[in-house]
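Visitor: A single structure is presented below for examination.
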Amino acid sequence: MSQQKADIFAGLQADILRLQGFKTVQNTVLESGLGPLKYAFPNATFPLGAIHEFISTRPEETAATIGFLNGLLNILMGTNGAVLWISSSRMLYPPALKSFGLSPDRFIFIDVQKEKDALWALDEALKCSALTAVVGELPHITFTHSRRLQLAVEESQVTGFLLRNQPRAVGTTASISRWYIKPLPSASIDDLPGIGFPKWKVNLQRIRNGKPGTWDIQWIDGRFVPVYQPSFTLQQTQQQAG
Amino acid sequence: MAKRYVSIWFRYLTTDWFTLRQPPLKTLPFVLRASEHGRMIITAVNAIAEQQGITRGMALADARAMIPSLQVLDDKPDLSDKLLNRLAEWCIRFTPVVATDPPDGLVLDATGCSHLWGGDIPYLQNIINKLYIRGYHVHAAMADTIGVAWGVARFGNTIVIERSKHIDALLHLPPQALRLEPEVVERLHKLGLHQVKQFIRMPRTSLRRRFGNHFMMRLVQALGQLDELLQPIEVPELYHERLPCLEPIVTAPGIEIALQQLLEKLCARLQREQKGLRKAILKCYRVDGKTELVSIGTHLPSHHVEHLFKLFQLKLATIEPALGIELFILEAPVVEDHYPQQEAMWQGTGGLHDVRLSELIDRLANKIGIHTIHRYLPDEHYWPERSFKAATSLLEKPTTYWPDTPRPLQLLKVPERIDVSAPIPDYPPMLFRYKGKVITIAKADGPERIEQEWWLQQGEHRDYYRVEDEAGNRYWLFRLGHYHEKIYQWFIHGFFA
């Protein structure tokens with residue numbers, strides 16, 4: 001009986017999303033890599049063709065954020081993708097991308113001086129469907145600008161990532177999600193000395209049509225690995241809710 | 001209409017070119033040499049060396065004996081042909097029919113051209129002056145036949161032979177002026193025939209018997225009794241479109257329409273010829289006599305109207321029409337081969353090979369500047385700042401592998417000094433102070449020693465440590481040089497994910 005109910009609820013939820021005009025691009029690639037995170041997203045798929053926003057305040061957090069983002073890009077890019085990285089104060093060290101299984105020569109960096117140029121470049125790049133993703137390091141963005149970017153990706157289905165390092169004000173934006181990634185002490189492997197695999201506290205503060213949450217995630221051997229297995233409880237909550 | 005020909009003789013063609021490239025040679029005697037049958041033979045002589053008695057074909061050793069201070073340069077094969085072709089293309093401004101006359105001359109068909117310069121003499125003087133200003137010693141002459149013009153340019157002392165006076169002019173010239181083979185010239189001299197007038201009235205049959213068919217052909221060609229065919233050079237057609245306007249254009253939509261029309265015409269032609277432009281210039285001639293210019297460049301050759309239009313559109317705002325634009329000219333100075341790809345197969349795959357990406361890069365480069373766009377390839381250096389290099393194009397392949405060593409995602413442009421307390425030499429520090437905060441280190445990896453590349457830069461080596469503090473923040477620190485008492489420095493260089 002409860003199973004039937006759950007099915008009906010899930011069907012209705014999907015109908016609501018469809019009626020709201022929410023389109024999901026089916027991407028089986030991402031589903032495999034995201035582990036427990038995927039239940040936070042609408043229809044349990046990572047939304048592509050949208051703008052995701054990452055906020056960091058300290059350089060250590062920025063590094064962690066880029067680490068997590070690289071994990072996502074690793075799943076997204078496949079063998080043939082290209083990424084455009086627009087920034088006005090880039091500290092990214094290209095050879096480091098290799099440790100996330102990415103090929104740094106498939107990144108094109110646009111280092112602009114002015115914020116206005118960065119916005120224009122971001123807007124143009126998001127309209128170019130030859131790109132897998134566009135990363136913009138842009139601390140300050142107004143609602144109007146973020147709306148423009150959102151409109152651009154809706155047309156081209158390119159995924160945009162906004163890295164907002166030390167924003168003046170977090171404010172409201174038209175982005176589909178807002179993430180905070182913080183570094184966590186790495187777990188030592190078999191009590192060996194030294195630093196273990198990168199580990200982060202991933203806080204999905206806002207997600208349109210989804211369920212925000214907080215997870216501890218490690219990056220091990222080219223994929224995301226949750227620190228504890230909350231999938232059971234999450235699935236349960238999903239079923240209860242939907 | 002009676003024909004008129006101009007023959008131009010570059011007396012020191014190749015040596016003049018070398019003088020232009022190396023101006024100090026102007027006052028020195030110098031020759032060009034080439035190896036022939038194991039000997040060094042002089043192939044060209046400049047004016048100063050010639051005055052001192054050096055001639056072409058002389059052995060270099062003999063010439064060195066005559067002038068010890070002789071400068072010798074290596075001759076370049078085909079140089080004179082290339083120079084002649086280039087000069088012939090340049091001479092197209094004087095007449096539409098220009099032919100090269102190897103080894104050291106040009107022939108211009110000047111029929112009906114000279115009145116534009118106000119007569120034969122100003123015409124010819126103009127040619128000579130302009131070539132002289134370019135740095136060439138020239139002799140030129142104009143006559144009714146190519147043969148006489150050739151002879152007068154080289155052996156005569158006038159420049160213009162008036163209409164139907166060419167036979168008179170020929171009479172006083174030496175037999176070489178008839179473009180004969182050296183053996184025939186020698187035989188004529190042996191017979192005491194030092195001027196054309198001495199043998200021109202002899203019976204044709206006996207001349208033919210003694211000196212051969214070639215001699216007779218040259219003679220009748222010079223006299224104008226046999227037509228001589230020129231092989232004019234073909235000047236490459238410029239990629240150039242014009243759009244004159246009946247009414248002066250002042251509005252932005254007007255300029256856009258004009259641009260669209262010009263681009264369509266130009267791109268249609270480029271597409272027919274399988275070419276693509278790399279650079280285009282739009283010139284707008286205004287009513288008040290000023291010219292407005294906008295130029296664009298592309299990353300890959302393109303004949304895509306829509307794309308090129310977008311590139312121009314970014315810059316159209318800089319055009320000031322003022323009272324109006326009466327003429328638009330679109331030029332493509334740089335054009336390259338462009339072969340259509342099998343687009344249907346690859347469309348939608350994305351990646352670096354995608355045309356849409358290179359078009360995006362063009363737009364960014366034209367608006368923000370090409371210097372802002374970077375792509376990196378691995379470079380074989382361990383030193384962190386040098387371990388990658390800028391790629392020159394979107395499609396350049398890496399020549400080596402990206403290293404797998406752990407590197408920080410965020411790297412400081414310049415390493416920053418930190419205060420550190422380390423327990424024992426060569427151990428990672430216990431804590432350090434960065435930006436006023438004390439950071440206690442919980443875990444550490446290292447050291448990874450990276451030596452200076454002494455052939456590039458002198459200095460101390462770096463011992464890198466990856467460290468993690470109690471909160472989980474991960475840093476890249478290094479000590480510069482060996483651990484000595486109070487003579488070592490610690491730096492922070494980056495942040496790990």
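Ligands are numbered from 1 in the order shown, residues from 1 within each chain, and chains are lettered A, B, ... in the order they appear in the structure tokens.
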Can you list every residue in range 212-404 of chain B that DSSP puts in helix (DSSP H, G or I), as an MDAnalysis selection string?

Guide: chainID B and resid 212:223 252:272 305:316 343:346 355:367 370:372 384:386

Visitor: At a cut-off of 8 Å, list the chain B residues touching chain A, using only C-alpha atoms, as a PyMOL selection string.

Guide: chain B and resi 348-352+354+356-357+360+364+368+372-378+387-388+398+402-413+443-445+466-475+495-497

Visitor: Please report, as number ranges by chain, each residue of range 235-391 of chain B to which DSSP assigns strand (DSSP E or B) when run on this structure's backbone.

Guide: B: 240-249, 275-286, 291-302, 325-337, 373-374, 376-378, 388-390

Visitor: In terms of the shortest atom-to-atom distance over only C-alpha atoms, which of A:Ile181, A:Ala133, A:Ile141, A:Ala50 is closest to Ile75 in chain A?

Guide: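 For Ile75 in chain A, the nearest of the candidates is A:Ala133.
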
Visitor: Which residues are near Ala2 in chain B? Cut-off 10 Å, only C-alpha atoms, ignore same chain within fewer than 6 positions. Put them as number ranges by chain.

Guide: B: 111-112, 144-145, 163-164

Visitor: Using only C-alpha atoms, pick whichever of A:Glu154, A:Glu137, A:Asp15, A:Asp7 has the shortest atom-to-atom distance to Pro47 in chain A.

Guide: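 Smallest separation from Pro47 in chain A among the options: A:Glu154.
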
Visitor: Expressed in Å to a single decimal, how great is the separation between CA of Gly35 in chain A and CA of Val202 in chain A?

Guide: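 CA of Val202 in chain A lies at a distance of 12.7 Å from CA of Gly35 in chain A.
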
Visitor: Excluding same-chain residues fewer than 2 positions from range 64-68 of chain B, what lies within 10 Å of it counting only C-alpha atoms, as number ranges by chain?

Guide: B: 29-30, 49, 52-54, 59-62, 70-72

Visitor: Write out as number ranges by chain each polymer residue whose atoms come within 10 Å of Leu293 in chain B, counting only C-alpha atoms; drop sequence neighbours fewer than 6 positions from it.

Guide: B: 281-285, 315-316, 318-320, 329-330

Visitor: Can you measure CA of Pro429 in chain B to CA of Trp490 in chain B for me? One decimal in Å is fine.

Guide: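 The value is 9.5 Å.
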